[in-house]
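Asks: Have a look at the structure that comes next, please.
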Amino acid sequence: MYLMDDIKNWRAVYRLLDRVQTEMYDCGTLCGNACCLSGWEDSENGIFLLPGEHLLLKEADPEGKWYTWETYTKEEVEFPDSWTGPVYFVKCTTPPNCLRSLRPLQCRTFPLKPVIGENGVLEMIWSDDELPYTCPLIEGNYPIRDDYYKATYTVWSHLLRDRRIFDLVSVWS
């Protein structure tokens with residue numbers, strides 16, 4: 001069994017991130033929740049879950065009130081060979097009125113993105129992914145709270161102990 005196939009580990013990760021946010025307020029107030037709403041009308045907006053994360057979200061939302069689910073193979077979405085089982089993609093059903101306690105990990109840690117630096121050490125950078133919207137935190141180079149940065153770094157450090165997640169972050173880097 002992999003480290004993040006244990007739902008208790010996902011609960012601990014979510015609890016840690018529930019205590020922090022990028023600013024003293026919901027950053028969605030800066031952009032009108034662009035990351036939640038952009039592309040929603042054409043059902044393109046969603047996010048891939050990390051291995052084992054589906055266990056927590058399915059437990060918390062068994063009737064599918066907050067998410068719709070799609071399942072892919074690692075080959076279909078070109079994920080690393082170390083990934084086993086299905087790759088889950090979730091779409092919010094009520095954006096931007098999500099239940100914040102059920103936001104997937106990558107929603108919680110955005111706009112920071114984990115990368116493995118040249119020295120093999122985890123670094124947190126501003127996301128450089130192509131986005132269908134403008135994130136004012138990235139564009140304005142807003143400072144983020146130290147506790148948010150530290151919690152995000154701690155979480156990703158823990159997650160990288162799972163080989164599948166390490167391999168994915170290596171591909172992103």
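Every chain in the structure tokens has a letter given in the order shown (A, B, ...), and although residue numbers restart at 1 in each chain, ligands are simply numbered from 1 in the order shown.
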Can you tell me which residues surround region 78-91 of chain A at a distance of at most 8 Å, considering only C-alpha atoms, apart from same-chain residues fewer than 2 positions away, and format the answer as a PDB file with N, CA, C and O atoms, in the first residue's frame?
Replies:
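part_0.pdb was written with the following content:
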```
ATOM      1  N   SER A  43     -18.219  22.825 -19.165  1.00  0.00           N
ATOM      2  CA  SER A  43     -17.871  21.609 -18.428  1.00  0.00           C
ATOM      3  C   SER A  43     -16.410  21.195 -18.565  1.00  0.00           C
ATOM      4  O   SER A  43     -16.084  20.039 -18.394  1.00  0.00           O
ATOM      5  N   ASN A  45     -13.948  22.758 -16.773  1.00  0.00           N
ATOM      6  CA  ASN A  45     -13.258  23.089 -15.538  1.00  0.00           C
ATOM      7  C   ASN A  45     -13.315  21.923 -14.553  1.00  0.00           C
ATOM      8  O   ASN A  45     -14.372  21.384 -14.269  1.00  0.00           O
ATOM      9  N   GLY A  46     -12.180  21.555 -14.069  1.00  0.00           N
ATOM     10  CA  GLY A  46     -12.091  20.489 -13.093  1.00  0.00           C
ATOM     11  C   GLY A  46     -10.642  20.281 -12.737  1.00  0.00           C
ATOM     12  O   GLY A  46      -9.770  21.037 -13.162  1.00  0.00           O
ATOM     13  N   ILE A  47     -10.399  19.248 -11.957  1.00  0.00           N
ATOM     14  CA  ILE A  47      -9.026  19.010 -11.511  1.00  0.00           C
ATOM     15  C   ILE A  47      -8.800  17.517 -11.289  1.00  0.00           C
ATOM     16  O   ILE A  47      -9.717  16.793 -10.881  1.00  0.00           O
ATOM     17  N   PHE A  48      -7.587  17.079 -11.601  1.00  0.00           N
ATOM     18  CA  PHE A  48      -7.214  15.702 -11.321  1.00  0.00           C
ATOM     19  C   PHE A  48      -6.882  15.585  -9.841  1.00  0.00           C
ATOM     20  O   PHE A  48      -6.247  16.462  -9.258  1.00  0.00           O
ATOM     21  N   LEU A  49      -7.321  14.507  -9.244  1.00  0.00           N
ATOM     22  CA  LEU A  49      -7.009  14.245  -7.845  1.00  0.00           C
ATOM     23  C   LEU A  49      -5.700  13.481  -7.756  1.00  0.00           C
ATOM     24  O   LEU A  49      -5.322  12.753  -8.679  1.00  0.00           O
ATOM     25  N   LEU A  50      -5.048  13.640  -6.652  1.00  0.00           N
ATOM     26  CA  LEU A  50      -3.831  12.882  -6.394  1.00  0.00           C
ATOM     27  C   LEU A  50      -4.204  11.486  -5.903  1.00  0.00           C
ATOM     28  O   LEU A  50      -5.338  11.265  -5.450  1.00  0.00           O
ATOM     29  N   PRO A  51      -3.302  10.532  -5.985  1.00  0.00           N
ATOM     30  CA  PRO A  51      -3.627   9.171  -5.561  1.00  0.00           C
ATOM     31  C   PRO A  51      -4.159   9.119  -4.135  1.00  0.00           C
ATOM     32  O   PRO A  51      -3.590   9.711  -3.226  1.00  0.00           O
ATOM     33  N   HIS A  54      -9.305  10.641  -3.695  1.00  0.00           N
ATOM     34  CA  HIS A  54     -10.703  10.310  -3.981  1.00  0.00           C
ATOM     35  C   HIS A  54     -11.377   9.644  -2.778  1.00  0.00           C
ATOM     36  O   HIS A  54     -12.581   9.789  -2.585  1.00  0.00           O
ATOM     37  N   TYR A  67     -19.547  17.225  -6.387  1.00  0.00           N
ATOM     38  CA  TYR A  67     -18.662  16.875  -7.499  1.00  0.00           C
ATOM     39  C   TYR A  67     -19.303  15.872  -8.442  1.00  0.00           C
ATOM     40  O   TYR A  67     -20.075  15.023  -8.025  1.00  0.00           O
ATOM     41  N   THR A  68     -18.909  15.982  -9.716  1.00  0.00           N
ATOM     42  CA  THR A  68     -19.129  14.897 -10.667  1.00  0.00           C
ATOM     43  C   THR A  68     -17.757  14.281 -10.917  1.00  0.00           C
ATOM     44  O   THR A  68     -16.736  14.965 -10.811  1.00  0.00           O
ATOM     45  N   TRP A  69     -17.744  13.008 -11.229  1.00  0.00           N
ATOM     46  CA  TRP A  69     -16.496  12.257 -11.329  1.00  0.00           C
ATOM     47  C   TRP A  69     -16.303  11.706 -12.728  1.00  0.00           C
ATOM     48  O   TRP A  69     -17.248  11.217 -13.345  1.00  0.00           O
ATOM     49  N   GLU A  70     -15.074  11.764 -13.196  1.00  0.00           N
ATOM     50  CA  GLU A  70     -14.667  11.081 -14.421  1.00  0.00           C
ATOM     51  C   GLU A  70     -13.465  10.218 -14.058  1.00  0.00           C
ATOM     52  O   GLU A  70     -12.692  10.572 -13.180  1.00  0.00           O
ATOM     53  N   THR A  71     -13.328   9.112 -14.738  1.00  0.00           N
ATOM     54  CA  THR A  71     -12.230   8.202 -14.460  1.00  0.00           C
ATOM     55  C   THR A  71     -11.437   7.967 -15.742  1.00  0.00           C
ATOM     56  O   THR A  71     -12.019   7.800 -16.814  1.00  0.00           O
ATOM     57  N   TYR A  72     -10.126   7.993 -15.601  1.00  0.00           N
ATOM     58  CA  TYR A  72      -9.226   7.784 -16.729  1.00  0.00           C
ATOM     59  C   TYR A  72      -8.163   6.763 -16.338  1.00  0.00           C
ATOM     60  O   TYR A  72      -7.927   6.519 -15.163  1.00  0.00           O
ATOM     61  N   THR A  73      -7.509   6.231 -17.345  1.00  0.00           N
ATOM     62  CA  THR A  73      -6.321   5.427 -17.086  1.00  0.00           C
ATOM     63  C   THR A  73      -5.124   6.367 -17.135  1.00  0.00           C
ATOM     64  O   THR A  73      -5.195   7.452 -17.734  1.00  0.00           O
ATOM     65  N   LYS A  74      -4.024   5.954 -16.543  1.00  0.00           N
ATOM     66  CA  LYS A  74      -2.818   6.794 -16.560  1.00  0.00           C
ATOM     67  C   LYS A  74      -2.339   7.033 -17.988  1.00  0.00           C
ATOM     68  O   LYS A  74      -1.791   8.086 -18.302  1.00  0.00           O
ATOM     69  N   GLU A  75      -2.587   6.071 -18.877  1.00  0.00           N
ATOM     70  CA  GLU A  75      -2.176   6.225 -20.269  1.00  0.00           C
ATOM     71  C   GLU A  75      -3.005   7.295 -20.979  1.00  0.00           C
ATOM     72  O   GLU A  75      -2.473   8.063 -21.779  1.00  0.00           O
ATOM     73  N   GLU A  76      -4.297   7.346 -20.684  1.00  0.00           N
ATOM     74  CA  GLU A  76      -5.167   8.334 -21.326  1.00  0.00           C
ATOM     75  C   GLU A  76      -4.769   9.769 -21.001  1.00  0.00           C
ATOM     76  O   GLU A  76      -4.926  10.660 -21.822  1.00  0.00           O
ATOM     77  N   THR A  93     -19.934  20.971  -8.963  1.00  0.00           N
ATOM     78  CA  THR A  93     -21.311  21.074  -9.460  1.00  0.00           C
ATOM     79  C   THR A  93     -21.948  22.420  -9.138  1.00  0.00           C
ATOM     80  O   THR A  93     -22.975  22.761  -9.733  1.00  0.00           O
ATOM     81  N   ARG A 163       5.576   7.613  -3.881  1.00  0.00           N
ATOM     82  CA  ARG A 163       6.319   7.577  -5.150  1.00  0.00           C
ATOM     83  C   ARG A 163       5.516   8.102  -6.326  1.00  0.00           C
ATOM     84  O   ARG A 163       6.046   8.756  -7.215  1.00  0.00           O
ATOM     85  N   ARG A 164       4.230   7.809  -6.365  1.00  0.00           N
ATOM     86  CA  ARG A 164       3.399   8.256  -7.489  1.00  0.00           C
ATOM     87  C   ARG A 164       3.330   9.776  -7.559  1.00  0.00           C
ATOM     88  O   ARG A 164       3.398  10.369  -8.630  1.00  0.00           O
ATOM     89  N   ASP A 167       6.718  11.215  -8.592  1.00  0.00           N
ATOM     90  CA  ASP A 167       6.907  11.086 -10.038  1.00  0.00           C
ATOM     91  C   ASP A 167       6.111  12.129 -10.800  1.00  0.00           C
ATOM     92  O   ASP A 167       6.589  12.694 -11.791  1.00  0.00           O
ATOM     93  N   LEU A 168       4.899  12.433 -10.366  1.00  0.00           N
ATOM     94  CA  LEU A 168       4.088  13.448 -11.028  1.00  0.00           C
ATOM     95  C   LEU A 168       4.724  14.830 -10.888  1.00  0.00           C
ATOM     96  O   LEU A 168       4.841  15.574 -11.866  1.00  0.00           O
ATOM     97  N   VAL A 171       7.554  15.252 -13.178  1.00  0.00           N
ATOM     98  CA  VAL A 171       7.122  15.554 -14.552  1.00  0.00           C
ATOM     99  C   VAL A 171       6.783  17.040 -14.684  1.00  0.00           C
ATOM    100  O   VAL A 171       7.087  17.676 -15.685  1.00  0.00           O
TER     101      VAL A 171
END
```
Asks: Going by DSSP on the backbone, which residues of region 54-98 of chain A come out as strand (DSSP E)? List them as a list of chain:residue names.
Replies: A:Tyr67, A:Thr68, A:Trp69, A:Glu70, A:Thr71, A:Tyr72, A:Val87, A:Tyr88, A:Phe89, A:Val90, A:Lys91, A:Cys92
Asks: Any chance you can output those residues with all heavy atoms as a tab-separated table (two decimals), in the first residue's frame?
Replies:
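The resulting again-v3.tsv:
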```
chain	number	residue	atom	x	y	z
A	67	TYR	N	-19.55	17.22	-6.39
A	67	TYR	CA	-18.66	16.87	-7.50
A	67	TYR	C	-19.30	15.87	-8.44
A	67	TYR	O	-20.08	15.02	-8.02
A	67	TYR	CB	-17.36	16.21	-6.99
A	67	TYR	CG	-16.50	17.12	-6.17
A	67	TYR	CD1	-16.33	16.91	-4.81
A	67	TYR	CD2	-15.84	18.18	-6.76
A	67	TYR	CE1	-15.53	17.75	-4.06
A	67	TYR	CE2	-15.04	19.03	-6.01
A	67	TYR	CZ	-14.89	18.81	-4.66
A	67	TYR	OH	-14.11	19.64	-3.93
A	68	THR	N	-18.91	15.98	-9.72
A	68	THR	CA	-19.13	14.90	-10.67
A	68	THR	C	-17.76	14.28	-10.92
A	68	THR	O	-16.74	14.96	-10.81
A	68	THR	CB	-19.75	15.38	-11.99
A	68	THR	OG1	-18.87	16.34	-12.60
A	68	THR	CG2	-21.11	16.00	-11.76
A	69	TRP	N	-17.74	13.01	-11.23
A	69	TRP	CA	-16.50	12.26	-11.33
A	69	TRP	C	-16.30	11.71	-12.73
A	69	TRP	O	-17.25	11.22	-13.35
A	69	TRP	CB	-16.53	11.07	-10.36
A	69	TRP	CG	-16.60	11.48	-8.93
A	69	TRP	CD1	-17.71	11.93	-8.25
A	69	TRP	CD2	-15.55	11.49	-8.00
A	69	TRP	NE1	-17.39	12.21	-6.96
A	69	TRP	CE2	-16.05	11.95	-6.77
A	69	TRP	CE3	-14.20	11.16	-8.07
A	69	TRP	CZ2	-15.28	12.08	-5.63
A	69	TRP	CZ3	-13.43	11.28	-6.93
A	69	TRP	CH2	-13.98	11.74	-5.73
A	70	GLU	N	-15.07	11.76	-13.20
A	70	GLU	CA	-14.67	11.08	-14.42
A	70	GLU	C	-13.46	10.22	-14.06
A	70	GLU	O	-12.69	10.57	-13.18
A	70	GLU	CB	-14.28	12.08	-15.51
A	70	GLU	CG	-15.46	12.94	-15.96
A	70	GLU	CD	-15.06	14.00	-16.98
A	70	GLU	OE1	-13.90	13.99	-17.47
A	70	GLU	OE2	-15.90	14.86	-17.27
A	71	THR	N	-13.33	9.11	-14.74
A	71	THR	CA	-12.23	8.20	-14.46
A	71	THR	C	-11.44	7.97	-15.74
A	71	THR	O	-12.02	7.80	-16.81
A	71	THR	CB	-12.75	6.84	-13.97
A	71	THR	OG1	-13.96	7.01	-13.28
A	71	THR	CG2	-11.79	6.21	-13.03
A	72	TYR	N	-10.13	7.99	-15.60
A	72	TYR	CA	-9.23	7.78	-16.73
A	72	TYR	C	-8.16	6.76	-16.34
A	72	TYR	O	-7.93	6.52	-15.16
A	72	TYR	CB	-8.52	9.10	-17.11
A	72	TYR	CG	-9.46	10.17	-17.57
A	72	TYR	CD1	-9.98	11.09	-16.67
A	72	TYR	CD2	-9.83	10.27	-18.91
A	72	TYR	CE1	-10.84	12.09	-17.09
A	72	TYR	CE2	-10.69	11.26	-19.33
A	72	TYR	CZ	-11.20	12.17	-18.42
A	72	TYR	OH	-12.06	13.14	-18.84
A	87	VAL	N	-7.30	7.17	-12.57
A	87	VAL	CA	-6.99	8.56	-12.28
A	87	VAL	C	-8.34	9.28	-12.25
A	87	VAL	O	-9.11	9.20	-13.20
A	87	VAL	CB	-6.08	9.17	-13.36
A	87	VAL	CG1	-5.80	10.63	-13.07
A	87	VAL	CG2	-4.78	8.38	-13.48
A	88	TYR	N	-8.62	9.95	-11.15
A	88	TYR	CA	-9.91	10.62	-10.97
A	88	TYR	C	-9.82	12.09	-11.33
A	88	TYR	O	-8.86	12.78	-10.97
A	88	TYR	CB	-10.38	10.48	-9.53
A	88	TYR	CG	-10.71	9.07	-9.14
A	88	TYR	CD1	-9.78	8.29	-8.47
A	88	TYR	CD2	-11.93	8.51	-9.48
A	88	TYR	CE1	-10.07	6.99	-8.12
A	88	TYR	CE2	-12.23	7.20	-9.14
A	88	TYR	CZ	-11.29	6.44	-8.46
A	88	TYR	OH	-11.57	5.15	-8.13
A	89	PHE	N	-10.83	12.56	-12.05
A	89	PHE	CA	-10.98	13.97	-12.41
A	89	PHE	C	-12.32	14.40	-11.86
A	89	PHE	O	-13.35	13.76	-12.12
A	89	PHE	CB	-10.95	14.10	-13.94
A	89	PHE	CG	-10.98	15.52	-14.43
A	89	PHE	CD1	-9.83	16.29	-14.44
A	89	PHE	CD2	-12.14	16.08	-14.91
A	89	PHE	CE1	-9.83	17.58	-14.91
A	89	PHE	CE2	-12.17	17.38	-15.39
A	89	PHE	CZ	-11.01	18.14	-15.39
A	90	VAL	N	-12.33	15.48	-11.07
A	90	VAL	CA	-13.59	15.95	-10.49
A	90	VAL	C	-13.93	17.33	-11.03
A	90	VAL	O	-13.04	18.14	-11.34
A	90	VAL	CB	-13.56	15.99	-8.94
A	90	VAL	CG1	-13.47	14.60	-8.37
A	90	VAL	CG2	-12.46	16.88	-8.41
A	91	LYS	N	-15.22	17.55	-11.15
A	91	LYS	CA	-15.75	18.85	-11.55
A	91	LYS	C	-16.72	19.31	-10.48
A	91	LYS	O	-17.53	18.52	-9.99
A	91	LYS	CB	-16.49	18.74	-12.88
A	91	LYS	CG	-15.62	18.34	-14.04
A	91	LYS	CD	-16.45	18.21	-15.29
A	91	LYS	CE	-15.62	17.69	-16.44
A	91	LYS	NZ	-16.43	17.50	-17.65
A	92	CYS	N	-16.61	20.57	-10.14
A	92	CYS	CA	-17.53	21.13	-9.15
A	92	CYS	C	-18.92	21.24	-9.76
A	92	CYS	O	-19.07	21.60	-10.94
A	92	CYS	CB	-17.07	22.51	-8.72
A	92	CYS	SG	-15.46	22.51	-7.93
```
Asks: Of the candidates A:Leu105, A:Arg15, A:Ser173, A:Arg161, which shows the shortest atom-to-atom distance to Ser127 (chain A), using only C-alpha atoms?
Replies: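 Result for the nearest residue to Ser127 (chain A): A:Ser173.
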Asks: Using only C-alpha atoms, which protein or nucleic acid residues come within 10 Å of Leu137 (chain A)? Drop anything in the same chain fewer than 2 positions from it, and give the result as a ChimeraX atom specification.
Replies: /A:22-23,27-28,30-31,110-111,126,134-135,139-144
Asks: Hey, what's within 10 Å of Asp6 (chain A) if we count only C-alpha atoms and toss same-chain stuff fewer than 3 positions away? As JSON, numbers by chain, please?
Replies: {"A": [1, 2, 3, 9, 10, 11, 51, 52, 53, 55, 56]}
Asks: Can I get the selected residues back with N, CA, C and O atoms, as a PDB file, in the first residue's frame?
Replies:
```pdb
ATOM      1  N   MET A   1       0.842  -1.181   0.000  1.00  0.00           N
ATOM      2  CA  MET A   1       0.000   0.000   0.000  1.00  0.00           C
ATOM      3  C   MET A   1       0.891   1.250   0.000  1.00  0.00           C
ATOM      4  O   MET A   1       1.897   1.297   0.692  1.00  0.00           O
ATOM      5  N   TYR A   2       0.490   2.223  -0.776  1.00  0.00           N
ATOM      6  CA  TYR A   2       1.210   3.485  -0.828  1.00  0.00           C
ATOM      7  C   TYR A   2       0.774   4.383   0.325  1.00  0.00           C
ATOM      8  O   TYR A   2      -0.344   4.289   0.827  1.00  0.00           O
ATOM      9  N   LEU A   3       1.639   5.306   0.705  1.00  0.00           N
ATOM     10  CA  LEU A   3       1.401   6.215   1.817  1.00  0.00           C
ATOM     11  C   LEU A   3       0.055   6.938   1.706  1.00  0.00           C
ATOM     12  O   LEU A   3      -0.713   6.990   2.663  1.00  0.00           O
ATOM     13  N   ASN A   9      -4.221   9.807   6.293  1.00  0.00           N
ATOM     14  CA  ASN A   9      -3.198  10.755   5.841  1.00  0.00           C
ATOM     15  C   ASN A   9      -3.831  11.924   5.094  1.00  0.00           C
ATOM     16  O   ASN A   9      -3.401  13.067   5.249  1.00  0.00           O
ATOM     17  N   TRP A  10      -4.853  11.638   4.299  1.00  0.00           N
ATOM     18  CA  TRP A  10      -5.539  12.727   3.593  1.00  0.00           C
ATOM     19  C   TRP A  10      -6.287  13.636   4.573  1.00  0.00           C
ATOM     20  O   TRP A  10      -6.305  14.848   4.411  1.00  0.00           O
ATOM     21  N   ARG A  11      -6.878  13.050   5.585  1.00  0.00           N
ATOM     22  CA  ARG A  11      -7.550  13.878   6.594  1.00  0.00           C
ATOM     23  C   ARG A  11      -6.563  14.830   7.267  1.00  0.00           C
ATOM     24  O   ARG A  11      -6.865  16.002   7.489  1.00  0.00           O
ATOM     25  N   PRO A  51      -3.302  10.532  -5.985  1.00  0.00           N
ATOM     26  CA  PRO A  51      -3.627   9.171  -5.561  1.00  0.00           C
ATOM     27  C   PRO A  51      -4.159   9.119  -4.135  1.00  0.00           C
ATOM     28  O   PRO A  51      -3.590   9.711  -3.226  1.00  0.00           O
ATOM     29  N   GLY A  52      -5.274   8.441  -3.971  1.00  0.00           N
ATOM     30  CA  GLY A  52      -5.892   8.271  -2.662  1.00  0.00           C
ATOM     31  C   GLY A  52      -6.803   9.406  -2.243  1.00  0.00           C
ATOM     32  O   GLY A  52      -7.632   9.239  -1.351  1.00  0.00           O
ATOM     33  N   GLU A  53      -6.683  10.564  -2.868  1.00  0.00           N
ATOM     34  CA  GLU A  53      -7.503  11.714  -2.476  1.00  0.00           C
ATOM     35  C   GLU A  53      -8.994  11.443  -2.701  1.00  0.00           C
ATOM     36  O   GLU A  53      -9.841  11.938  -1.962  1.00  0.00           O
ATOM     37  N   LEU A  55     -10.619   8.910  -1.974  1.00  0.00           N
ATOM     38  CA  LEU A  55     -11.199   8.226  -0.813  1.00  0.00           C
ATOM     39  C   LEU A  55     -11.853   9.221   0.137  1.00  0.00           C
ATOM     40  O   LEU A  55     -12.978   9.002   0.611  1.00  0.00           O
ATOM     41  N   LEU A  56     -11.174  10.323   0.388  1.00  0.00           N
ATOM     42  CA  LEU A  56     -11.685  11.339   1.307  1.00  0.00           C
ATOM     43  C   LEU A  56     -12.877  12.078   0.701  1.00  0.00           C
ATOM     44  O   LEU A  56     -13.895  12.278   1.364  1.00  0.00           O
TER      45      LEU A  56
END
```
Asks: Can you tell me, as a ChimeraX atom specification, which residues in region 27-107 of chain A count as helix (DSSP H, G or I) by DSSP?
Replies: /A:28-31,34-37,40-42,53-60,100-102,105-107
